[in-house]
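Raw contents of start03.txt, compact mmCIF, C-alpha atoms:
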# COMPACT_ATOMS: atom_id res chain seq x y z
CA MET Y 1 6.45 -18.00 12.81
CA ARG Y 2 6.41 -18.26 16.57
CA ARG Y 3 7.22 -15.10 18.50
CA GLN Y 4 10.95 -14.54 18.63
CA ASN Y 5 12.90 -13.91 21.81
CA ALA Y 6 11.45 -10.66 23.11
CA ILE Y 7 13.09 -7.45 21.90
CA ALA Y 8 13.04 -5.09 24.85
CA ALA Y 9 13.64 -1.40 25.39
CA PRO Y 10 15.99 0.37 25.68
CA LEU Y 11 16.83 0.01 21.99
CA ALA Y 12 20.05 2.02 21.97
CA GLY Y 13 22.63 -0.21 20.33
CA PHE Y 14 19.99 -2.68 19.12
CA THR Y 15 21.11 -4.38 15.89
CA PRO Y 16 18.37 -6.37 14.12
CA GLN Y 17 19.30 -9.35 12.00
CA HIS Y 18 16.96 -8.61 9.10
CA PHE Y 19 16.87 -4.83 8.58
CA GLY Y 20 18.75 -1.69 9.52
CA PHE Y 21 17.94 0.22 12.68
CA ALA Y 22 19.37 3.42 14.14
CA ILE Y 23 18.33 6.01 16.73
CA GLU Y 24 19.46 9.61 16.39
CA GLY Y 25 17.98 12.77 17.84
CA GLY Y 26 14.87 11.02 19.08
CA ILE Y 27 14.16 9.47 15.66
CA ALA Y 28 14.36 5.71 15.08
CA THR Y 29 15.04 4.84 11.44
CA VAL Y 30 14.05 1.39 10.19
CA THR Y 31 15.64 0.48 6.86
CA LEU Y 32 14.48 -2.51 4.81
CA ASN Y 33 17.86 -3.43 3.40
CA ARG Y 34 17.89 -6.03 0.66
CA PRO Y 35 18.25 -3.55 -2.21
CA GLU Y 36 19.43 -6.15 -4.73
CA LYS Y 37 15.90 -7.64 -4.59
CA LYS Y 38 13.96 -4.40 -3.95
CA ASN Y 39 13.87 -5.01 -0.18
CA PRO Y 40 11.45 -7.94 0.04
CA LEU Y 41 10.16 -9.30 3.33
CA THR Y 42 10.74 -12.79 4.72
CA PHE Y 43 9.17 -14.78 7.54
CA GLU Y 44 12.03 -13.67 9.77
CA SER Y 45 11.92 -9.98 8.88
CA TYR Y 46 8.16 -9.84 9.42
CA ALA Y 47 8.59 -11.27 12.92
CA GLU Y 48 11.53 -9.04 13.81
CA LEU Y 49 9.72 -5.92 12.57
CA ARG Y 50 6.68 -6.87 14.63
CA ASP Y 51 8.76 -7.34 17.77
CA THR Y 52 10.71 -4.12 17.19
CA PHE Y 53 7.57 -2.01 16.89
CA ARG Y 54 6.25 -3.68 20.03
CA ALA Y 55 9.44 -2.70 21.88
CA LEU Y 56 9.03 0.88 20.65
CA ARG Y 57 5.93 1.15 22.85
CA PHE Y 58 8.33 1.29 25.81
CA GLU Y 59 11.21 3.27 24.24
CA GLU Y 60 11.04 6.71 25.84
CA SER Y 61 14.06 8.07 23.94
CA VAL Y 62 12.24 7.73 20.59
CA THR Y 63 9.53 10.24 19.71
CA ALA Y 64 9.20 9.54 15.96
CA VAL Y 65 9.95 6.64 13.62
CA VAL Y 66 10.98 6.72 9.96
CA ILE Y 67 10.70 3.58 7.84
CA THR Y 68 12.39 3.41 4.45
CA GLY Y 69 14.02 1.07 1.96
CA ALA Y 70 17.68 0.85 1.01
CA GLY Y 71 18.60 1.87 -2.52
CA ALA Y 72 16.05 3.02 -5.06
CA ASN Y 73 12.98 1.15 -3.75
CA PHE Y 74 10.85 0.93 -0.63
CA SER Y 75 9.81 -2.74 -0.70
CA SER Y 76 8.54 -5.23 -3.26
CA GLY Y 77 6.57 -7.10 -0.57
CA GLY Y 78 6.84 -10.77 0.36
CA ASP Y 79 9.75 -12.58 -1.25
CA VAL Y 80 8.43 -14.89 -3.98
CA PHE Y 81 10.70 -17.82 -3.18
CA GLU Y 82 11.20 -17.26 0.56
CA ILE Y 83 7.53 -16.65 1.41
CA ILE Y 84 5.09 -17.25 -1.44
CA GLU Y 85 6.48 -20.60 -2.58
CA PRO Y 86 6.59 -22.10 0.97
CA LEU Y 87 3.03 -20.89 1.60
CA THR Y 88 1.74 -23.06 -1.26
CA THR Y 89 2.76 -26.20 0.67
CA MET Y 90 1.61 -25.27 4.19
CA GLY Y 91 -1.38 -26.59 6.08
CA ALA Y 92 -4.24 -24.43 7.32
CA ALA Y 93 -2.87 -23.96 10.84
CA ASP Y 94 0.53 -22.74 9.63
CA LEU Y 95 -1.07 -20.47 7.04
CA HIS Y 96 -3.25 -18.87 9.69
CA ALA Y 97 -0.24 -18.45 11.97
CA PHE Y 98 1.51 -16.61 9.13
CA THR Y 99 -1.38 -14.29 8.30
CA THR Y 100 -1.86 -13.57 12.00
CA MET Y 101 1.82 -12.67 12.32
CA THR Y 102 1.73 -10.27 9.37
CA GLY Y 103 -1.40 -8.64 10.74
CA ASP Y 104 0.31 -8.31 14.12
CA LEU Y 105 3.00 -6.16 12.46
CA VAL Y 106 0.33 -3.63 11.45
CA LYS Y 107 -1.21 -3.79 14.95
CA GLU Y 108 2.16 -3.04 16.54
CA MET Y 109 2.82 -0.13 14.16
CA ARG Y 110 -0.54 1.32 15.16
CA ALA Y 111 -0.04 0.64 18.88
CA CYS Y 112 3.38 2.25 19.30
CA PRO Y 113 2.90 5.84 20.52
CA GLN Y 114 5.43 7.36 18.15
CA PRO Y 115 4.17 8.72 14.81
CA VAL Y 116 5.59 6.58 11.98
CA VAL Y 117 6.67 8.33 8.77
CA ALA Y 118 7.21 6.23 5.61
CA ALA Y 119 9.77 7.46 3.07
CA VAL Y 120 8.77 5.87 -0.24
CA GLU Y 121 11.01 5.66 -3.30
CA GLY Y 122 10.51 3.41 -6.31
CA VAL Y 123 8.52 0.22 -5.91
CA CYS Y 124 6.19 -0.06 -2.90
CA ALA Y 125 4.13 -3.19 -3.45
CA GLY Y 126 2.24 -5.94 -1.65
CA ALA Y 127 3.24 -6.04 2.00
CA GLY Y 128 5.50 -3.04 1.32
CA ALA Y 129 2.39 -1.05 0.38
CA ILE Y 130 0.73 -2.27 3.58
CA ILE Y 131 3.65 -1.04 5.71
CA ALA Y 132 3.43 2.38 4.04
CA MET Y 133 -0.36 2.36 4.53
CA ALA Y 134 0.01 1.46 8.23
CA SER Y 135 2.37 4.39 8.79
CA ASP Y 136 0.89 7.62 10.14
CA LEU Y 137 2.41 9.85 7.46
CA ARG Y 138 3.84 9.09 4.03
CA VAL Y 139 6.37 10.98 1.91
CA ALA Y 140 6.90 9.90 -1.69
CA ALA Y 141 9.52 10.65 -4.29
CA THR Y 142 8.59 11.36 -7.88
CA GLY Y 143 8.53 8.04 -9.70
CA ALA Y 144 7.38 6.04 -6.69
CA LYS Y 145 4.55 3.61 -7.37
CA VAL Y 146 2.31 1.72 -4.97
CA ALA Y 147 0.35 -1.47 -5.60
CA PHE Y 148 -1.66 -3.81 -3.42
CA LEU Y 149 -0.80 -6.85 -5.53
CA PHE Y 150 -2.63 -9.57 -3.63
CA ASN Y 151 -5.16 -10.39 -6.35
CA LYS Y 152 -2.27 -10.78 -8.81
CA VAL Y 153 -1.22 -13.90 -6.89
CA GLY Y 154 -4.75 -15.23 -6.48
CA LEU Y 155 -5.40 -13.73 -3.04
CA ALA Y 156 -8.02 -11.34 -1.71
CA GLY Y 157 -7.29 -7.68 -1.22
CA CYS Y 158 -8.25 -8.03 2.47
CA ASP Y 159 -4.69 -8.44 3.74
CA MET Y 160 -3.17 -7.01 6.93
CA GLY Y 161 -6.05 -4.58 7.42
CA ALA Y 162 -6.12 -3.15 3.89
CA CYS Y 163 -9.91 -3.24 3.59
CA ALA Y 164 -10.26 -1.35 6.87
CA ILE Y 165 -7.43 1.18 6.62
CA LEU Y 166 -7.02 2.04 2.92
CA PRO Y 167 -10.61 3.29 2.40
CA ARG Y 168 -10.17 5.60 5.38
CA ILE Y 169 -7.15 7.16 3.71
CA ILE Y 170 -8.23 7.47 0.07
CA GLY Y 171 -11.95 6.67 0.10
CA GLN Y 172 -13.98 3.53 -0.56
CA GLY Y 173 -14.16 3.79 -4.35
CA ARG Y 174 -10.47 4.43 -4.90
CA ALA Y 175 -9.48 1.75 -2.41
CA SER Y 176 -11.83 -0.71 -4.11
CA GLU Y 177 -10.20 -0.03 -7.47
CA LEU Y 178 -6.68 -0.63 -6.17
CA LEU Y 179 -7.62 -3.76 -4.21
CA TYR Y 180 -9.67 -5.32 -7.04
CA THR Y 181 -7.19 -4.57 -9.83
CA GLY Y 182 -3.81 -4.67 -8.11
CA ARG Y 183 -2.69 -1.86 -10.42
CA PHE Y 184 0.05 0.58 -9.49
CA MET Y 185 -0.88 4.00 -8.13
CA SER Y 186 1.62 6.66 -9.16
CA ALA Y 187 3.18 9.05 -6.67
CA GLU Y 188 1.19 11.91 -8.22
CA GLU Y 189 -2.07 9.98 -7.90
CA GLY Y 190 -1.16 9.04 -4.36
CA GLU Y 191 -0.64 12.64 -3.35
CA ARG Y 192 -3.81 13.77 -5.10
CA TRP Y 193 -5.83 11.02 -3.42
CA GLY Y 194 -4.41 11.72 0.04
CA PHE Y 195 -2.30 8.57 0.37
CA PHE Y 196 0.90 10.63 0.32
CA ASN Y 197 1.21 13.70 2.50
CA ARG Y 198 4.07 15.13 0.48
CA LEU Y 199 5.76 14.61 -2.90
CA VAL Y 200 9.46 15.37 -3.38
CA PRO Y 201 12.04 14.88 -6.15
CA ALA Y 202 13.52 11.42 -6.66
CA GLY Y 203 16.14 10.56 -4.08
CA GLU Y 204 14.82 13.02 -1.50
CA ALA Y 205 12.08 11.01 0.24
CA LEU Y 206 14.21 9.93 3.19
CA GLY Y 207 15.48 13.45 3.82
CA ALA Y 208 11.95 14.84 3.65
CA ALA Y 209 10.63 12.12 5.97
CA ARG Y 210 13.38 12.87 8.49
CA GLU Y 211 12.52 16.56 8.26
CA THR Y 212 8.91 15.68 9.11
CA ALA Y 213 10.06 13.39 11.94
CA ARG Y 214 12.34 16.11 13.37
CA ALA Y 215 9.39 18.49 13.51
CA LEU Y 216 7.42 15.83 15.38
CA THR Y 217 10.23 15.28 17.89
CA GLN Y 218 10.08 18.99 18.74
CA GLY Y 219 6.40 18.67 19.66
CA PRO Y 220 4.85 17.42 22.91
CA ALA Y 221 5.57 13.68 22.78
CA TYR Y 222 2.93 12.61 25.31
CA ALA Y 223 0.25 14.66 23.57
CA ASN Y 224 1.30 13.37 20.13
CA GLY Y 225 1.04 9.83 21.43
CA LEU Y 226 -2.49 10.51 22.65
CA THR Y 227 -3.40 12.03 19.29
CA LYS Y 228 -2.25 8.85 17.55
CA ARG Y 229 -4.12 6.65 19.99
CA MET Y 230 -7.35 8.62 19.63
CA LEU Y 231 -7.11 8.68 15.83
CA HIS Y 232 -7.14 4.88 15.89
CA MET Y 233 -9.57 4.31 18.78
CA GLU Y 234 -12.23 6.60 17.37
CA TRP Y 235 -12.74 4.46 14.27
CA ALA Y 236 -14.85 2.20 16.44
CA MET Y 237 -16.72 4.96 18.32
CA GLY Y 238 -19.84 6.95 17.74
CA VAL Y 239 -19.40 10.72 17.63
CA ASP Y 240 -20.68 11.29 21.18
CA ALA Y 241 -18.38 8.61 22.60
CA ALA Y 242 -15.46 10.09 20.66
CA ILE Y 243 -16.16 13.57 22.05
CA ASP Y 244 -16.23 12.16 25.59
CA ALA Y 245 -12.98 10.24 25.02
CA GLU Y 246 -11.28 13.33 23.64
CA ALA Y 247 -12.41 15.34 26.65
CA MET Y 248 -10.63 12.87 28.92
CA ALA Y 249 -7.51 12.76 26.73
CA GLN Y 250 -7.27 16.54 26.56
CA ALA Y 251 -7.75 16.89 30.32
CA LEU Y 252 -4.81 14.52 30.81
CA CYS Y 253 -2.67 16.67 28.50
CA MET Y 254 -3.59 19.75 30.53
CA LYS Y 255 -1.88 18.12 33.53
CA THR Y 256 1.46 17.79 31.71
CA GLN Y 257 4.47 20.04 32.17
CA ASP Y 258 4.55 20.58 28.41
CA PHE Y 259 1.18 22.32 28.64
CA ARG Y 260 2.58 24.64 31.33
CA ARG Y 261 5.76 25.20 29.29
CA ALA Y 262 3.64 26.23 26.31
CA PHE Y 263 1.71 28.76 28.42
CA GLU Y 264 4.87 30.18 29.96
CA ALA Y 265 6.51 30.47 26.53
CA PHE Y 266 3.44 32.20 25.12
CA ALA Y 267 3.33 34.60 28.07
CA GLY Y 268 7.03 35.30 27.67
CA LYS Y 269 6.76 35.63 23.88
CA THR Y 270 9.21 32.79 23.28
CA LYS Y 271 8.98 29.42 21.52
CA PRO Y 272 8.13 26.49 23.83
CA VAL Y 273 10.69 23.74 24.25
CA PHE Y 274 8.76 20.53 24.89
CA GLU Y 275 10.27 17.74 26.97
CA GLY Y 276 7.57 15.07 26.69
CA ASP Y 277 6.35 15.10 30.28
What do you get writing this file as structure tokens?
Amino acid sequence: MRRQNAIAAPLAGFTPQHFGFAIEGGIATVTLNRPEKKNPLTFESYAELRDTFRALRFEESVTAVVITGAGANFSSGGDVFEIIEPLTTMGAADLHAFTTMTGDLVKEMRACPQPVVAAVEGVCAGAGAIIAMASDLRVAATGAKVAFLFNKVGLAGCDMGACAILPRIIGQGRASELLYTGRFMSAEEGERWGFFNRLVPAGEALGAARETARALTQGPAYANGLTKRMLHMEWAMGVDAAIDAEAMAQALCMKTQDFRRAFEAFAGKTKPVFEGD
């Protein structure tokens, strides 16, 4: 559970050992790819995902990220025999190192400037549900189901930031229900509650997520990165401090070439082509 050898940008040609990764048209696609077991996570895949999202902070060629699962499911969470069973024999220091590492994955997903879009099909449970939750946008296919299963294995629902992030997405009462019961939330419930941004027919989640990501890549990348940063930073701010921070962020955006391109396009009655600078 120690930090692996650093994964560094540029990520063109990068081939992870524990999941799929590809960059095309400014979109990085991360694919959890153990479909025969519903794409569970292992100690190694957690660490490699964490390090990959950290490297994305410095990857200028990527302006949006899609995360999905191979086959008919997103992810069943931590592998029962490769993670849960070993955890039952570990000492306190190793257990804390593990929970810190899993939390660091969520921190890195939130810290990378690119919006992250989750494409959810089938089962999305445990740590898989956390990864979807930690994404900026979520697209679900009909039949998808999400569960924060921690209490089903004798653990608290406060895992990887769930008690902080989930209530902000779906509200305190609904989050409390899911975290106390561990029950599955259907795709339809998830859309109605605001967990999912969009619901599509089965088999179409990845295509819809890529469509969303393509739209994001056509926007002003620097400004989108600031939007993401402010969305997260302002959780810990009072309203007046948030207004002041947004004033500074917006002033920075007004110094970009993309802001000038937008004005010139508007004046010329054309569509702006943003270049991220």
Give me the range 144-198 of chain Y side of the contact with range 219-237 of chain Y, cut-off 10 Å, one line per residue showing its nearest atom pair and distance in Å at one decimal, counting only C-alpha atoms, sorted by chain and residue number, as JSON lines.
{"residue": "Y:Ala164", "atom": "CA", "partner": "Y:Trp235", "partner_atom": "CA", "distance": 9.7}
{"residue": "Y:Ile165", "atom": "CA", "partner": "Y:Trp235", "partner_atom": "CA", "distance": 9.9}
{"residue": "Y:Arg168", "atom": "CA", "partner": "Y:Trp235", "partner_atom": "CA", "distance": 9.3}
Dump C-alpha atoms for the selected residues as a PDB file, in the coordinates of the input?
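New file result34.pdb:
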ATOM      1  CA  ALA Y 164     -10.260  -1.350   6.870  1.00  0.00           C
ATOM      2  CA  ILE Y 165      -7.430   1.180   6.620  1.00  0.00           C
ATOM      3  CA  ARG Y 168     -10.170   5.600   5.380  1.00  0.00           C
TER       4      ARG Y 168
END
So how far away is CA of Cys158 in chain Y from CA of Gly173 in chain Y, in Å?
-> 14.9 Å
Record the distance separating CA of Phe19 in chain Y and CA of Ala55 in chain Y, expressed in Å with one decimal.
->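 Between CA of Phe19 in chain Y and CA of Ala55 in chain Y the gap is 15.4 Å.
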Quick one: residues within 8 Å of range 200-217 of chain Y, only C-alpha atoms counted, chain neighbours fewer than 5 positions away excluded, as an NGL selection string?
-> :Y and (25-27 or 63-66 or 68 or 72 or 115 or 117-121 or 138-143)
In Å, rounded to a single decimal, give me how far CA of Asp277 in chain Y is from CA of Arg261 in chain Y.
->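 About the pair CA of Arg261 in chain Y and CA of Asp277 in chain Y: they are 10.2 Å apart.
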Using all atoms listed in the file, which of Y:Leu32, Y:Met90, Y:Ala8, Y:Cys112 sits nearest Arg57 in chain Y?
->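 Among the listed residues, Y:Cys112 lies closest to Arg57 in chain Y.
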From the set Y:Ala28, Y:Cys163, Y:Val106, Y:Val153, which residue has the shortest atom-to-atom contact distance to Tyr46 in chain Y, counting only C-alpha atoms?
->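 Once distances to Tyr46 in chain Y are computed over only C-alpha atoms, the minimum belongs to Y:Val106.
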Can you work out which one of Y:Ala162, Y:Ile83, Y:Ala97, Y:Leu199 has the shortest atom-to-atom distance to Ala144 in chain Y, counting only C-alpha atoms?
-> Y:Leu199
Given 3 Å of margin on each side, can you work out the centre and size in Å (one decimal) of an axis-aligned box holding every listed atom of range 24-41 of chain Y, as JSON?
{"center_x": 14.8, "center_y": 1.7, "center_z": 7.2, "size_x": 15.3, "size_y": 28.1, "size_z": 29.8}
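Distance cut-off 9 Å, centre (10.5, 2.4, 24.2), atoms counted only C-alpha atoms; the residues meeting this are Ala8, Ala9, Pro10, Leu11, Arg54, Ala55, Leu56, Arg57, Phe58, Glu59, Glu60, Ser61, Val62 and Cys112 of chain Y.
Take the candidates Y:Leu137, Y:Ala70, Y:Ile130, Y:Met160 and check each one against Asp104 in chain Y using all atoms listed in the file; the shortest distance goes to Y:Met160.
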Have a look at Y:Ala147, Y:Phe263, Y:Ala93, Y:Gln218 and name the one nearest to Glu275 in chain Y; count all atoms listed in the file.
->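 Closest residue, counting all atoms listed in the file: Y:Gln218.
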Local residues around (-4.8, -6.3, -4.8), at most 6 Å away, using all atoms listed in the file, as a list in words |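 Here the neighbourhood of the point contains Phe148, Leu149, Phe150, Asn151, Gly157, Leu179, Tyr180, Thr181 and Gly182 of chain Y.
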Contact residues around Pro16 in chain Y with all atoms listed in the file at 10 Å, ignoring same-chain residues under 2 positions, as an MDAnalysis selection string | chainID Y and resid 7 13:14 18:22 30 45 48:49 52
Could you please take those selected residues and save C-alpha atoms as a short mmCIF file (atom, residue, chain, number, x, y, z; two decimals), keeping the file's coordinate frame?
data_model
loop_
_atom_site.label_atom_id
_atom_site.label_comp_id
_atom_site.auth_asym_id
_atom_site.auth_seq_id
_atom_site.Cartn_x
_atom_site.Cartn_y
_atom_site.Cartn_z
CA ILE Y 7 13.09 -7.45 21.90
CA GLY Y 13 22.63 -0.21 20.33
CA PHE Y 14 19.99 -2.68 19.12
CA HIS Y 18 16.96 -8.61 9.10
CA PHE Y 19 16.87 -4.83 8.58
CA GLY Y 20 18.75 -1.69 9.52
CA PHE Y 21 17.94 0.22 12.68
CA ALA Y 22 19.37 3.42 14.14
CA VAL Y 30 14.05 1.39 10.19
CA SER Y 45 11.92 -9.98 8.88
CA GLU Y 48 11.53 -9.04 13.81
CA LEU Y 49 9.72 -5.92 12.57
CA THR Y 52 10.71 -4.12 17.19
#
